[in-house]
Structures are given as C-alpha cells and as structure tokens.
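Chemist: Got data_31.tsv for you, TSV, N, CA and C atoms:
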```
chain	number	residue	atom	x	y	z
A	29	MET	N	-17.49	72.75	64.74
A	29	MET	CA	-16.60	73.01	65.85
A	29	MET	C	-16.42	74.49	66.11
A	30	ARG	N	-17.16	75.35	65.54
A	30	ARG	CA	-17.14	76.79	65.79
A	30	ARG	C	-15.74	77.40	65.72
A	31	GLY	N	-14.82	76.82	64.95
A	31	GLY	CA	-13.51	77.42	64.76
A	31	GLY	C	-12.53	77.21	65.90
A	32	GLU	N	-12.82	76.29	66.85
A	32	GLU	CA	-11.88	76.05	67.93
A	32	GLU	C	-10.64	75.35	67.42
A	33	ILE	N	-9.55	75.55	68.11
A	33	ILE	CA	-8.31	74.86	67.79
A	33	ILE	C	-8.32	73.53	68.54
A	34	ILE	N	-8.07	72.46	67.81
A	34	ILE	CA	-8.00	71.13	68.42
A	34	ILE	C	-6.58	70.92	68.92
A	35	VAL	N	-6.46	70.54	70.17
A	35	VAL	CA	-5.17	70.34	70.80
A	35	VAL	C	-5.09	68.90	71.29
A	36	ASN	N	-3.93	68.29	71.13
A	36	ASN	CA	-3.73	66.96	71.68
A	36	ASN	C	-3.18	67.12	73.09
A	37	TYR	N	-3.94	66.73	74.08
A	37	TYR	CA	-3.55	66.88	75.47
A	37	TYR	C	-2.75	65.70	76.00
A	38	ILE	N	-2.66	64.61	75.24
A	38	ILE	CA	-1.94	63.42	75.71
A	38	ILE	C	-0.50	63.79	76.05
A	39	GLY	N	-0.09	63.44	77.26
A	39	GLY	CA	1.27	63.72	77.70
A	39	GLY	C	1.46	65.11	78.30
A	40	SER	N	0.42	65.96	78.21
A	40	SER	CA	0.57	67.31	78.76
A	40	SER	C	0.55	67.26	80.29
A	41	ALA	N	1.32	68.15	80.87
A	41	ALA	CA	1.49	68.15	82.32
A	41	ALA	C	0.40	68.95	83.02
A	42	LEU	N	0.10	68.53	84.21
A	42	LEU	CA	-0.80	69.25	85.09
A	42	LEU	C	-0.19	70.61	85.41
A	43	PRO	N	-0.96	71.69	85.29
A	43	PRO	CA	-0.39	73.01	85.62
A	43	PRO	C	-0.28	73.19	87.13
A	44	ASP	N	0.56	74.11	87.54
A	44	ASP	CA	0.58	74.49	88.95
A	44	ASP	C	-0.72	75.23	89.24
A	45	PHE	N	-1.35	74.91	90.34
A	45	PHE	CA	-2.60	75.59	90.70
A	45	PHE	C	-2.85	75.43	92.18
A	46	GLN	N	-3.75	76.25	92.68
A	46	GLN	CA	-4.29	76.09	94.02
A	46	GLN	C	-5.76	76.45	93.94
A	47	VAL	N	-6.61	75.53	94.37
A	47	VAL	CA	-8.05	75.73	94.36
A	47	VAL	C	-8.61	75.24	95.68
A	48	ASN	N	-9.86	75.55	95.92
A	48	ASN	CA	-10.58	74.99	97.05
A	48	ASN	C	-11.48	73.88	96.55
A	49	ALA	N	-11.73	72.93	97.43
A	49	ALA	CA	-12.63	71.83	97.08
A	49	ALA	C	-13.49	71.53	98.30
A	50	TYR	N	-14.70	71.09	98.04
A	50	TYR	CA	-15.59	70.66	99.11
A	50	TYR	C	-15.54	69.14	99.16
A	51	GLN	N	-15.29	68.60	100.37
A	51	GLN	CA	-15.26	67.14	100.55
A	51	GLN	C	-15.47	66.82	102.02
A	52	ASP	N	-16.27	65.81	102.27
A	52	ASP	CA	-16.47	65.32	103.64
A	52	ASP	C	-16.89	66.42	104.61
A	53	GLY	N	-17.75	67.32	104.16
A	53	GLY	CA	-18.28	68.35	105.05
A	53	GLY	C	-17.35	69.50	105.32
A	54	GLU	N	-16.25	69.59	104.60
A	54	GLU	CA	-15.34	70.70	104.82
A	54	GLU	C	-14.70	71.19	103.53
A	55	VAL	N	-14.16	72.39	103.61
A	55	VAL	CA	-13.46	72.98	102.47
A	55	VAL	C	-11.98	72.71	102.65
A	56	LYS	N	-11.36	72.22	101.57
A	56	LYS	CA	-9.94	71.89	101.59
A	56	LYS	C	-9.24	72.62	100.45
A	57	ALA	N	-8.02	73.04	100.68
A	57	ALA	CA	-7.19	73.60	99.62
A	57	ALA	C	-6.52	72.44	98.89
A	58	LEU	N	-6.52	72.50	97.56
A	58	LEU	CA	-5.86	71.48	96.74
A	58	LEU	C	-4.85	72.17	95.83
A	59	THR	N	-3.72	71.51	95.63
A	59	THR	CA	-2.71	71.98	94.68
A	59	THR	C	-2.41	70.85	93.70
A	60	ALA	N	-1.60	71.17	92.71
A	60	ALA	CA	-1.20	70.16	91.73
A	60	ALA	C	-0.53	68.98	92.43
A	61	ASP	N	0.24	69.23	93.47
A	61	ASP	CA	0.91	68.14	94.19
A	61	ASP	C	-0.08	67.14	94.77
A	62	ASP	N	-1.27	67.60	95.15
A	62	ASP	CA	-2.29	66.70	95.69
A	62	ASP	C	-2.82	65.73	94.64
A	63	LEU	N	-2.68	66.06	93.38
A	63	LEU	CA	-3.16	65.20	92.30
A	63	LEU	C	-2.09	64.26	91.78
A	64	ARG	N	-0.91	64.33	92.34
A	64	ARG	CA	0.18	63.44	91.94
A	64	ARG	C	0.29	62.29	92.93
A	65	GLY	N	0.88	61.19	92.44
A	65	GLY	CA	1.07	60.02	93.29
A	65	GLY	C	-0.03	59.00	93.16
A	66	HIS	N	-1.04	59.30	92.39
A	66	HIS	CA	-2.14	58.38	92.11
A	66	HIS	C	-2.75	58.79	90.76
A	67	TRP	N	-3.55	57.93	90.19
A	67	TRP	CA	-4.30	58.30	88.99
A	67	TRP	C	-5.36	59.31	89.39
A	68	SER	N	-5.60	60.29	88.54
A	68	SER	CA	-6.60	61.32	88.82
A	68	SER	C	-7.57	61.41	87.66
A	69	ILE	N	-8.85	61.41	87.97
A	69	ILE	CA	-9.89	61.61	86.96
A	69	ILE	C	-10.50	62.98	87.22
A	70	LEU	N	-10.28	63.90	86.28
A	70	LEU	CA	-10.88	65.24	86.37
A	70	LEU	C	-12.14	65.24	85.53
A	71	PHE	N	-13.28	65.40	86.18
A	71	PHE	CA	-14.57	65.42	85.49
A	71	PHE	C	-15.11	66.85	85.53
A	72	PHE	N	-15.07	67.53	84.39
A	72	PHE	CA	-15.59	68.89	84.28
A	72	PHE	C	-17.07	68.83	83.90
A	73	TYR	N	-17.86	69.70	84.51
A	73	TYR	CA	-19.28	69.79	84.20
A	73	TYR	C	-19.71	71.25	84.29
A	74	PRO	N	-20.83	71.62	83.65
A	74	PRO	CA	-21.19	73.04	83.55
A	74	PRO	C	-21.52	73.75	84.86
A	75	ALA	N	-22.40	73.20	85.68
A	75	ALA	CA	-22.84	73.99	86.85
A	75	ALA	C	-23.56	73.12	87.86
A	76	ASP	N	-23.43	73.52	89.12
A	76	ASP	CA	-24.21	72.91	90.19
A	76	ASP	C	-25.68	73.29	90.02
A	77	PHE	N	-26.55	72.55	90.63
A	77	PHE	CA	-28.00	72.77	90.60
A	77	PHE	C	-28.57	72.72	89.19
A	78	SER	N	-27.94	71.96	88.30
A	78	SER	CA	-28.47	71.79	86.95
A	78	SER	C	-29.21	70.46	86.88
A	79	PHE	N	-29.87	70.23	85.77
A	79	PHE	CA	-30.76	69.07	85.64
A	79	PHE	C	-30.00	67.76	85.46
A	80	VAL	N	-29.01	67.71	84.58
A	80	VAL	CA	-28.32	66.47	84.24
A	80	VAL	C	-27.16	66.16	85.18
A	81	CYS	N	-26.45	67.17	85.62
A	81	CYS	CA	-25.22	66.98	86.39
A	81	CYS	C	-25.36	66.09	87.63
A	82	PRO	N	-26.47	66.14	88.39
A	82	PRO	CA	-26.55	65.27	89.57
A	82	PRO	C	-26.45	63.79	89.21
A	83	THR	N	-27.02	63.38	88.09
A	83	THR	CA	-26.96	61.97	87.72
A	83	THR	C	-25.53	61.57	87.38
A	84	GLU	N	-24.78	62.46	86.73
A	84	GLU	CA	-23.39	62.15	86.38
A	84	GLU	C	-22.53	62.07	87.63
A	85	LEU	N	-22.65	63.04	88.52
A	85	LEU	CA	-21.88	63.02	89.76
A	85	LEU	C	-22.29	61.83	90.62
A	86	GLY	N	-23.57	61.51	90.64
A	86	GLY	CA	-24.05	60.37	91.41
A	86	GLY	C	-23.52	59.05	90.88
A	87	ASP	N	-23.43	58.92	89.55
A	87	ASP	CA	-22.89	57.70	88.96
A	87	ASP	C	-21.42	57.54	89.33
A	88	LEU	N	-20.66	58.63	89.27
A	88	LEU	CA	-19.26	58.57	89.71
A	88	LEU	C	-19.17	58.20	91.19
A	89	ALA	N	-20.05	58.75	92.00
A	89	ALA	CA	-20.06	58.44	93.43
A	89	ALA	C	-20.33	56.95	93.67
A	90	ALA	N	-21.22	56.37	92.87
A	90	ALA	CA	-21.56	54.96	93.03
A	90	ALA	C	-20.37	54.05	92.72
A	91	HIS	N	-19.44	54.52	91.92
A	91	HIS	CA	-18.28	53.73	91.53
A	91	HIS	C	-16.98	54.20	92.19
A	92	TYR	N	-17.09	55.13	93.11
A	92	TYR	CA	-15.92	55.75	93.73
A	92	TYR	C	-15.00	54.73	94.40
A	93	ALA	N	-15.56	53.80	95.15
A	93	ALA	CA	-14.75	52.79	95.86
A	93	ALA	C	-13.94	51.95	94.87
A	94	ALA	N	-14.53	51.62	93.74
A	94	ALA	CA	-13.82	50.83	92.72
A	94	ALA	C	-12.65	51.62	92.14
A	95	PHE	N	-12.84	52.92	91.94
A	95	PHE	CA	-11.74	53.76	91.46
A	95	PHE	C	-10.63	53.81	92.49
A	96	GLN	N	-10.99	53.97	93.75
A	96	GLN	CA	-9.98	54.05	94.81
A	96	GLN	C	-9.18	52.76	94.93
A	97	LYS	N	-9.82	51.62	94.70
A	97	LYS	CA	-9.11	50.34	94.74
A	97	LYS	C	-8.05	50.26	93.65
A	98	GLN	N	-8.22	51.05	92.59
A	98	GLN	CA	-7.26	51.08	91.49
A	98	GLN	C	-6.26	52.23	91.63
A	99	ASN	N	-6.15	52.80	92.82
A	99	ASN	CA	-5.25	53.92	93.10
A	99	ASN	C	-5.63	55.14	92.25
A	100	ALA	N	-6.92	55.39	92.15
A	100	ALA	CA	-7.42	56.53	91.37
A	100	ALA	C	-8.33	57.39	92.24
A	101	GLU	N	-8.21	58.69	92.06
A	101	GLU	CA	-9.05	59.66	92.76
A	101	GLU	C	-9.89	60.40	91.73
A	102	ILE	N	-11.15	60.59	92.06
A	102	ILE	CA	-12.06	61.36	91.20
A	102	ILE	C	-12.12	62.78	91.72
A	103	TYR	N	-12.12	63.74	90.80
A	103	TYR	CA	-12.29	65.15	91.15
A	103	TYR	C	-13.34	65.72	90.19
A	104	SER	N	-14.47	66.16	90.71
A	104	SER	CA	-15.42	66.87	89.85
A	104	SER	C	-15.00	68.34	89.87
A	105	VAL	N	-15.20	69.02	88.75
A	105	VAL	CA	-14.75	70.41	88.62
A	105	VAL	C	-15.81	71.24	87.91
A	106	SER	N	-16.21	72.35	88.52
A	106	SER	CA	-17.07	73.32	87.85
A	106	SER	C	-16.60	74.71	88.24
A	107	GLU	N	-17.20	75.71	87.64
A	107	GLU	CA	-16.84	77.10	87.94
A	107	GLU	C	-17.56	77.62	89.18
A	108	ASP	N	-18.37	76.78	89.81
A	108	ASP	CA	-19.04	77.16	91.04
A	108	ASP	C	-18.04	77.23	92.19
A	109	THR	N	-18.37	77.97	93.23
A	109	THR	CA	-17.49	78.05	94.40
A	109	THR	C	-17.68	76.82	95.28
A	110	GLU	N	-16.76	76.65	96.21
A	110	GLU	CA	-16.86	75.55	97.16
A	110	GLU	C	-18.11	75.67	98.02
A	111	PHE	N	-18.60	76.89	98.23
A	111	PHE	CA	-19.80	77.09	99.04
A	111	PHE	C	-21.06	76.65	98.29
A	112	VAL	N	-21.07	76.85	96.99
A	112	VAL	CA	-22.18	76.36	96.17
A	112	VAL	C	-22.13	74.84	96.12
A	113	HIS	N	-20.92	74.26	95.99
A	113	HIS	CA	-20.79	72.80	96.04
A	113	HIS	C	-21.37	72.26	97.35
A	114	GLN	N	-21.04	72.92	98.45
A	114	GLN	CA	-21.53	72.48	99.76
A	114	GLN	C	-23.06	72.56	99.81
A	115	ALA	N	-23.63	73.66	99.36
A	115	ALA	CA	-25.08	73.81	99.38
A	115	ALA	C	-25.76	72.75	98.52
A	116	TRP	N	-25.19	72.46	97.36
A	116	TRP	CA	-25.76	71.45	96.47
A	116	TRP	C	-25.64	70.07	97.11
A	117	HIS	N	-24.51	69.79	97.72
A	117	HIS	CA	-24.27	68.52	98.39
A	117	HIS	C	-25.30	68.30	99.50
A	118	GLU	N	-25.61	69.37	100.23
A	118	GLU	CA	-26.56	69.28	101.33
A	118	GLU	C	-28.01	69.21	100.86
A	119	GLN	N	-28.30	69.77	99.68
A	119	GLN	CA	-29.68	69.86	99.19
A	119	GLN	C	-30.10	68.66	98.34
A	120	SER	N	-29.16	68.12	97.58
A	120	SER	CA	-29.49	67.06	96.62
A	120	SER	C	-29.19	65.68	97.20
A	121	GLU	N	-30.18	64.82	97.18
A	121	GLU	CA	-29.97	63.46	97.67
A	121	GLU	C	-28.89	62.75	96.87
A	122	GLU	N	-28.92	62.92	95.55
A	122	GLU	CA	-27.94	62.25	94.68
A	122	GLU	C	-26.53	62.81	94.88
A	123	VAL	N	-26.40	64.12	94.88
A	123	VAL	CA	-25.09	64.75	95.07
A	123	VAL	C	-24.61	64.55	96.51
A	124	GLY	N	-25.53	64.37	97.43
A	124	GLY	CA	-25.17	64.09	98.81
A	124	GLY	C	-24.39	62.80	98.98
A	125	GLN	N	-24.43	61.92	97.97
A	125	GLN	CA	-23.67	60.67	98.00
A	125	GLN	C	-22.22	60.86	97.60
A	126	VAL	N	-21.88	62.03	97.07
A	126	VAL	CA	-20.52	62.29	96.58
A	126	VAL	C	-19.55	62.37	97.76
A	127	ALA	N	-18.50	61.53	97.71
A	127	ALA	CA	-17.47	61.54	98.75
A	127	ALA	C	-16.13	62.04	98.20
A	128	TYR	N	-16.02	62.15	96.89
A	128	TYR	CA	-14.78	62.64	96.28
A	128	TYR	C	-14.74	64.17	96.30
A	129	PRO	N	-13.57	64.77	96.10
A	129	PRO	CA	-13.46	66.23	96.11
A	129	PRO	C	-14.23	66.89	94.97
A	130	MET	N	-14.97	67.93	95.33
A	130	MET	CA	-15.69	68.75	94.34
A	130	MET	C	-14.91	70.06	94.22
A	131	ILE	N	-14.14	70.18	93.15
A	131	ILE	CA	-13.24	71.32	92.98
A	131	ILE	C	-14.00	72.55	92.53
A	132	ALA	N	-13.69	73.67	93.18
A	132	ALA	CA	-14.22	74.98	92.80
A	132	ALA	C	-13.18	75.66	91.91
A	133	ASP	N	-13.59	76.03	90.71
A	133	ASP	CA	-12.69	76.67	89.73
A	133	ASP	C	-13.35	77.95	89.23
A	134	PRO	N	-13.74	78.88	90.14
A	134	PRO	CA	-14.52	80.05	89.71
A	134	PRO	C	-13.78	80.96	88.74
A	135	ALA	N	-12.46	80.97	88.77
A	135	ALA	CA	-11.69	81.78	87.81
A	135	ALA	C	-11.52	81.06	86.48
A	136	GLY	N	-11.88	79.78	86.43
A	136	GLY	CA	-11.80	79.02	85.19
A	136	GLY	C	-10.40	78.58	84.81
A	137	ASP	N	-9.46	78.65	85.73
A	137	ASP	CA	-8.07	78.34	85.39
A	137	ASP	C	-7.88	76.90	84.92
A	138	LEU	N	-8.43	75.93	85.65
A	138	LEU	CA	-8.29	74.54	85.24
A	138	LEU	C	-9.06	74.27	83.94
A	139	ALA	N	-10.29	74.75	83.88
A	139	ALA	CA	-11.10	74.54	82.67
A	139	ALA	C	-10.43	75.17	81.45
A	140	ARG	N	-9.88	76.33	81.62
A	140	ARG	CA	-9.18	77.01	80.51
A	140	ARG	C	-7.95	76.22	80.10
A	141	HIS	N	-7.17	75.74	81.07
A	141	HIS	CA	-5.96	74.97	80.77
A	141	HIS	C	-6.29	73.74	79.93
A	142	TYR	N	-7.38	73.08	80.24
A	142	TYR	CA	-7.76	71.87	79.52
A	142	TYR	C	-8.70	72.13	78.36
A	143	GLY	N	-8.93	73.37	78.03
A	143	GLY	CA	-9.69	73.70	76.83
A	143	GLY	C	-11.17	73.43	76.91
A	144	VAL	N	-11.73	73.39	78.11
A	144	VAL	CA	-13.16	73.09	78.25
A	144	VAL	C	-13.96	74.27	78.81
A	145	LEU	N	-13.35	75.45	78.87
A	145	LEU	CA	-14.06	76.60	79.40
A	145	LEU	C	-14.82	77.32	78.29
A	146	ASP	N	-16.11	77.48	78.48
A	146	ASP	CA	-16.94	78.32	77.61
A	146	ASP	C	-16.83	79.73	78.20
A	147	GLU	N	-15.94	80.52	77.63
A	147	GLU	CA	-15.65	81.85	78.17
A	147	GLU	C	-16.91	82.73	78.23
A	148	ALA	N	-17.74	82.66	77.20
A	148	ALA	CA	-18.93	83.52	77.14
A	148	ALA	C	-19.92	83.18	78.25
A	149	ALA	N	-20.07	81.88	78.53
A	149	ALA	CA	-21.03	81.44	79.56
A	149	ALA	C	-20.41	81.41	80.95
A	150	GLY	N	-19.08	81.39	81.02
A	150	GLY	CA	-18.43	81.27	82.32
A	150	GLY	C	-18.62	79.91	82.95
A	151	GLN	N	-18.82	78.90	82.10
A	151	GLN	CA	-19.03	77.53	82.57
A	151	GLN	C	-18.14	76.59	81.79
A	152	ALA	N	-17.87	75.45	82.39
A	152	ALA	CA	-17.08	74.42	81.72
A	152	ALA	C	-17.99	73.58	80.84
A	153	TYR	N	-17.45	73.15	79.71
A	153	TYR	CA	-18.10	72.10	78.94
A	153	TYR	C	-17.86	70.80	79.70
A	154	ARG	N	-18.63	69.77	79.37
A	154	ARG	CA	-18.35	68.46	79.96
A	154	ARG	C	-17.04	67.95	79.35
A	155	GLY	N	-16.22	67.40	80.20
A	155	GLY	CA	-14.96	66.83	79.74
A	155	GLY	C	-14.35	65.98	80.84
A	156	VAL	N	-13.66	64.93	80.44
A	156	VAL	CA	-13.01	64.05	81.38
A	156	VAL	C	-11.54	63.90	80.96
A	157	PHE	N	-10.65	64.07	81.92
A	157	PHE	CA	-9.22	63.92	81.70
A	157	PHE	C	-8.68	62.94	82.73
A	158	ILE	N	-7.96	61.94	82.25
A	158	ILE	CA	-7.36	60.95	83.14
A	158	ILE	C	-5.86	61.23	83.18
A	159	LEU	N	-5.37	61.48	84.38
A	159	LEU	CA	-3.97	61.82	84.58
A	159	LEU	C	-3.26	60.67	85.29
A	160	ASP	N	-2.04	60.39	84.86
A	160	ASP	CA	-1.24	59.35	85.51
A	160	ASP	C	-0.68	59.88	86.83
A	161	PRO	N	-0.01	59.03	87.61
A	161	PRO	CA	0.51	59.48	88.91
A	161	PRO	C	1.55	60.61	88.83
A	162	GLN	N	2.11	60.86	87.67
A	162	GLN	CA	3.04	61.98	87.50
A	162	GLN	C	2.31	63.26	87.12
A	163	GLY	N	1.00	63.18	86.92
A	163	GLY	CA	0.21	64.36	86.58
A	163	GLY	C	0.14	64.65	85.09
A	164	GLU	N	0.40	63.65	84.25
A	164	GLU	CA	0.32	63.84	82.80
A	164	GLU	C	-0.96	63.20	82.25
A	165	VAL	N	-1.57	63.86	81.28
A	165	VAL	CA	-2.81	63.36	80.68
A	165	VAL	C	-2.51	62.09	79.89
A	166	ARG	N	-3.27	61.05	80.18
A	166	ARG	CA	-3.16	59.78	79.46
A	166	ARG	C	-4.38	59.50	78.60
A	167	SER	N	-5.50	60.14	78.93
A	167	SER	CA	-6.72	59.97	78.15
A	167	SER	C	-7.61	61.17	78.40
A	168	TYR	N	-8.41	61.54	77.39
A	168	TYR	CA	-9.38	62.60	77.56
A	168	TYR	C	-10.48	62.45	76.55
```
Step by step, read the file and then write its structure as structure tokens.
Modeler:
Amino acid sequence: MRGEIIVNYIGSALPDFQVNAYQDGEVKALTADDLRGHWSILFFYPADFSFVCPTELGDLAAHYAAFQKQNAEIYSVSEDTEFVHQAWHEQSEEVGQVAYPMIADPAGDLARHYGVLDEAAGQAYRGVFILDPQGEVRSY
C-alpha cells in the first residue's frame, strides 16, 4: 500500500464544490447540491483517451437507464477538463453512448477529497463511491 493512510469513508459527507461537467452536448456547472436528492454513483477513472476507460464508461452507459429507475445518477470523474470530455465523447463510439454527466476535476479537488488522487501523476485512481440522497458515502 505504499504507506497510504486507510480512511473509512462510510458516512462521510459530500464536500462543497463547484465543477463543470459535459453532458448532452453541453457544459454544465455542478455543485454538491446537484448530487443531493437522489443516489449518486461517483466513478473515478485515470484519464480520457486511455485504453481501458472507454469500456468502463460504456458499460455504465449501457446500464444508465436501470440506475435512473432506482433514483440514482451516475457521474464519471477524471482530472480532464470538460472540453477533453467533449472531444472524447465526439471521437469515441463507446464513450459517445454516455448520457450521464462527465465531471471535470482538473484541480483534483473531488479526487483528493475521496483519497483517489495520484498527486504525482495528476490523475485519479479508479474508485467508485455510492452516496445516499443526503450526500453521505454508503459504499466505496
């Protein structure tokens, strides 16, 4: 584990934040309030235009309607900007199927808060956090 501190995130609250996200052909501002009122799945991944990530995002996209039926929203998160998300969405057939918000976290604030930021690489590790409608972590 390279000396990392293990933290129990269960019950931890969503931090206040404001980020941009790419969804439905446009850039939208998202805040912590936007993630409340429904279940939220935060899926962190290293980078756009990588080899494995399109299959993961595509699999989530294939099941997106089922998540929505359960009052759950999926949010993919990487350190890429919303403009890189848009370019990847337009270029990749698999990522082009993504209808959920693709969060841009270029400063690493969300990834750092949840302990999945590789500071040296400037990329997020893969990680999934499930938040309840109050914005508290229930699983990760």
Chemist: Report, as AutoDock Vina command-line options, the centre and edge lengths in Å (one decimal) of the axis-aligned box enclosing every listed atom of stretch 114-117 of chain A, padded by 6 Å on each side.
Modeler:
```
--center_x -23.4 --center_y 71.1 --center_z 98.1 --size_x 16.7 --size_y 17.5 --size_z 15.3
```
Chemist: Which of stretch 31-151 of chain A end up as strand (DSSP E) when DSSP is run on this backbone - answer as JSON, numbers by chain?
Modeler: {"A": [46, 47, 48, 49, 50, 51, 54, 55, 56, 57, 58, 59, 67, 68, 69, 70, 71, 72, 100, 101, 102, 103, 104, 105, 106, 130, 131, 132, 145, 146, 151]}
Chemist: Write a file of the selected residues as a PDB file, in the frame of the given file, keeping N, CA and C atoms.
Modeler:
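Heads up, here's the output in again.pdb:
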```
ATOM      1  N   GLN A  46      -3.750  76.250  92.680  1.00  0.00           N
ATOM      2  CA  GLN A  46      -4.290  76.090  94.020  1.00  0.00           C
ATOM      3  C   GLN A  46      -5.760  76.450  93.940  1.00  0.00           C
ATOM      4  N   VAL A  47      -6.610  75.530  94.370  1.00  0.00           N
ATOM      5  CA  VAL A  47      -8.050  75.730  94.360  1.00  0.00           C
ATOM      6  C   VAL A  47      -8.610  75.240  95.680  1.00  0.00           C
ATOM      7  N   ASN A  48      -9.860  75.550  95.920  1.00  0.00           N
ATOM      8  CA  ASN A  48     -10.580  74.990  97.050  1.00  0.00           C
ATOM      9  C   ASN A  48     -11.480  73.880  96.550  1.00  0.00           C
ATOM     10  N   ALA A  49     -11.730  72.930  97.430  1.00  0.00           N
ATOM     11  CA  ALA A  49     -12.630  71.830  97.080  1.00  0.00           C
ATOM     12  C   ALA A  49     -13.490  71.530  98.300  1.00  0.00           C
ATOM     13  N   TYR A  50     -14.700  71.090  98.040  1.00  0.00           N
ATOM     14  CA  TYR A  50     -15.590  70.660  99.110  1.00  0.00           C
ATOM     15  C   TYR A  50     -15.540  69.140  99.160  1.00  0.00           C
ATOM     16  N   GLN A  51     -15.290  68.600 100.370  1.00  0.00           N
ATOM     17  CA  GLN A  51     -15.260  67.140 100.550  1.00  0.00           C
ATOM     18  C   GLN A  51     -15.470  66.820 102.020  1.00  0.00           C
ATOM     19  N   GLU A  54     -16.250  69.590 104.600  1.00  0.00           N
ATOM     20  CA  GLU A  54     -15.340  70.700 104.820  1.00  0.00           C
ATOM     21  C   GLU A  54     -14.700  71.190 103.530  1.00  0.00           C
ATOM     22  N   VAL A  55     -14.160  72.390 103.610  1.00  0.00           N
ATOM     23  CA  VAL A  55     -13.460  72.980 102.470  1.00  0.00           C
ATOM     24  C   VAL A  55     -11.980  72.710 102.650  1.00  0.00           C
ATOM     25  N   LYS A  56     -11.360  72.220 101.570  1.00  0.00           N
ATOM     26  CA  LYS A  56      -9.940  71.890 101.590  1.00  0.00           C
ATOM     27  C   LYS A  56      -9.240  72.620 100.450  1.00  0.00           C
ATOM     28  N   ALA A  57      -8.020  73.040 100.680  1.00  0.00           N
ATOM     29  CA  ALA A  57      -7.190  73.600  99.620  1.00  0.00           C
ATOM     30  C   ALA A  57      -6.520  72.440  98.890  1.00  0.00           C
ATOM     31  N   LEU A  58      -6.520  72.500  97.560  1.00  0.00           N
ATOM     32  CA  LEU A  58      -5.860  71.480  96.740  1.00  0.00           C
ATOM     33  C   LEU A  58      -4.850  72.170  95.830  1.00  0.00           C
ATOM     34  N   THR A  59      -3.720  71.510  95.630  1.00  0.00           N
ATOM     35  CA  THR A  59      -2.710  71.980  94.680  1.00  0.00           C
ATOM     36  C   THR A  59      -2.410  70.850  93.700  1.00  0.00           C
ATOM     37  N   TRP A  67      -3.550  57.930  90.190  1.00  0.00           N
ATOM     38  CA  TRP A  67      -4.300  58.300  88.990  1.00  0.00           C
ATOM     39  C   TRP A  67      -5.360  59.310  89.390  1.00  0.00           C
ATOM     40  N   SER A  68      -5.600  60.290  88.540  1.00  0.00           N
ATOM     41  CA  SER A  68      -6.600  61.320  88.820  1.00  0.00           C
ATOM     42  C   SER A  68      -7.570  61.410  87.660  1.00  0.00           C
ATOM     43  N   ILE A  69      -8.850  61.410  87.970  1.00  0.00           N
ATOM     44  CA  ILE A  69      -9.890  61.610  86.960  1.00  0.00           C
ATOM     45  C   ILE A  69     -10.500  62.980  87.220  1.00  0.00           C
ATOM     46  N   LEU A  70     -10.280  63.900  86.280  1.00  0.00           N
ATOM     47  CA  LEU A  70     -10.880  65.240  86.370  1.00  0.00           C
ATOM     48  C   LEU A  70     -12.140  65.240  85.530  1.00  0.00           C
ATOM     49  N   PHE A  71     -13.280  65.400  86.180  1.00  0.00           N
ATOM     50  CA  PHE A  71     -14.570  65.420  85.490  1.00  0.00           C
ATOM     51  C   PHE A  71     -15.110  66.850  85.530  1.00  0.00           C
ATOM     52  N   PHE A  72     -15.070  67.530  84.390  1.00  0.00           N
ATOM     53  CA  PHE A  72     -15.590  68.890  84.280  1.00  0.00           C
ATOM     54  C   PHE A  72     -17.070  68.830  83.900  1.00  0.00           C
ATOM     55  N   ALA A 100      -6.920  55.390  92.150  1.00  0.00           N
ATOM     56  CA  ALA A 100      -7.420  56.530  91.370  1.00  0.00           C
ATOM     57  C   ALA A 100      -8.330  57.390  92.240  1.00  0.00           C
ATOM     58  N   GLU A 101      -8.210  58.690  92.060  1.00  0.00           N
ATOM     59  CA  GLU A 101      -9.050  59.660  92.760  1.00  0.00           C
ATOM     60  C   GLU A 101      -9.890  60.400  91.730  1.00  0.00           C
ATOM     61  N   ILE A 102     -11.150  60.590  92.060  1.00  0.00           N
ATOM     62  CA  ILE A 102     -12.060  61.360  91.200  1.00  0.00           C
ATOM     63  C   ILE A 102     -12.120  62.780  91.720  1.00  0.00           C
ATOM     64  N   TYR A 103     -12.120  63.740  90.800  1.00  0.00           N
ATOM     65  CA  TYR A 103     -12.290  65.150  91.150  1.00  0.00           C
ATOM     66  C   TYR A 103     -13.340  65.720  90.190  1.00  0.00           C
ATOM     67  N   SER A 104     -14.470  66.160  90.710  1.00  0.00           N
ATOM     68  CA  SER A 104     -15.420  66.870  89.850  1.00  0.00           C
ATOM     69  C   SER A 104     -15.000  68.340  89.870  1.00  0.00           C
ATOM     70  N   VAL A 105     -15.200  69.020  88.750  1.00  0.00           N
ATOM     71  CA  VAL A 105     -14.750  70.410  88.620  1.00  0.00           C
ATOM     72  C   VAL A 105     -15.810  71.240  87.910  1.00  0.00           C
ATOM     73  N   SER A 106     -16.210  72.350  88.520  1.00  0.00           N
ATOM     74  CA  SER A 106     -17.070  73.320  87.850  1.00  0.00           C
ATOM     75  C   SER A 106     -16.600  74.710  88.240  1.00  0.00           C
ATOM     76  N   MET A 130     -14.970  67.930  95.330  1.00  0.00           N
ATOM     77  CA  MET A 130     -15.690  68.750  94.340  1.00  0.00           C
ATOM     78  C   MET A 130     -14.910  70.060  94.220  1.00  0.00           C
ATOM     79  N   ILE A 131     -14.140  70.180  93.150  1.00  0.00           N
ATOM     80  CA  ILE A 131     -13.240  71.320  92.980  1.00  0.00           C
ATOM     81  C   ILE A 131     -14.000  72.550  92.530  1.00  0.00           C
ATOM     82  N   ALA A 132     -13.690  73.670  93.180  1.00  0.00           N
ATOM     83  CA  ALA A 132     -14.220  74.980  92.800  1.00  0.00           C
ATOM     84  C   ALA A 132     -13.180  75.660  91.910  1.00  0.00           C
ATOM     85  N   LEU A 145     -13.350  75.450  78.870  1.00  0.00           N
ATOM     86  CA  LEU A 145     -14.060  76.600  79.400  1.00  0.00           C
ATOM     87  C   LEU A 145     -14.820  77.320  78.290  1.00  0.00           C
ATOM     88  N   ASP A 146     -16.110  77.480  78.480  1.00  0.00           N
ATOM     89  CA  ASP A 146     -16.940  78.320  77.610  1.00  0.00           C
ATOM     90  C   ASP A 146     -16.830  79.730  78.200  1.00  0.00           C
ATOM     91  N   GLN A 151     -18.820  78.900  82.100  1.00  0.00           N
ATOM     92  CA  GLN A 151     -19.030  77.530  82.570  1.00  0.00           C
ATOM     93  C   GLN A 151     -18.140  76.590  81.790  1.00  0.00           C
TER      94      GLN A 151
END
```
Chemist: Using DSSP secondary structure from the backbone, list all helix (DSSP H, G or I) positions within stretch 35-164 of chain A, as JSON, numbers by chain.
Modeler: {"A": [60, 61, 62, 63, 81, 82, 83, 84, 85, 86, 87, 88, 89, 90, 92, 93, 94, 95, 96, 97, 110, 111, 112, 113, 114, 115, 116, 117, 118, 119, 123, 124, 125, 137, 138, 139, 140, 141]}
Chemist: What's the separation between atom CA of A:Ile69 and atom N of A:Ala89, in Å to one decimal place?
Modeler: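 Interatomic distance here is 11.7 Å.
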